[in-house]
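Worksheet: the structure to be examined is printed underneath.
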Amino acid sequence: MAPPAKRARTLTFEERLARLEEIASELDAENVDLAKALSLFEEGIEHLRSAAAELASAEATVQRLVERADGTFGVADAE
């Protein structure tokens with residue numbers, strides 16, 4: 001299902017989270033047929049993977065932050 005994956009790459013982290021919440025609400029509805037549920041689930045997985053990758057990247061950047069002698073912060077060189 002290519003379109004959701006493409007859409008997931010163009011959304012911001014916050015938009016991905018909002019879409020995941022929408023998907024969860026749609027899946028909670030009692031009248032969702034199986035095909036729609038599977039489509040929503042697949043889209044949700046794509047958004048989840050993209051958001052997790054972005055979060056991991058941000059976390060790695062934060063972990064590389066170092067305090068300089070003058071009290072300012074910078075990013076340490078990757079080892």
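By convention in this document, the chains of the structure tokens carry letters A, B, ... by their order, each chain's residues are numbered from 1, and ligands are numbered from 1 in the order they are shown.
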ask   = Counting only C-alpha atoms, what is within 7 Å of range 12-24 of chain A, bar same-chain residues fewer than 4 positions away, as a PyMOL selection string?
value = chain A and resi 8+28+40+44+47+51
Members of chain A assigned strand (DSSP E or B) by DSSP, as an NGL selection string = :A and (65-67 or 73-75)
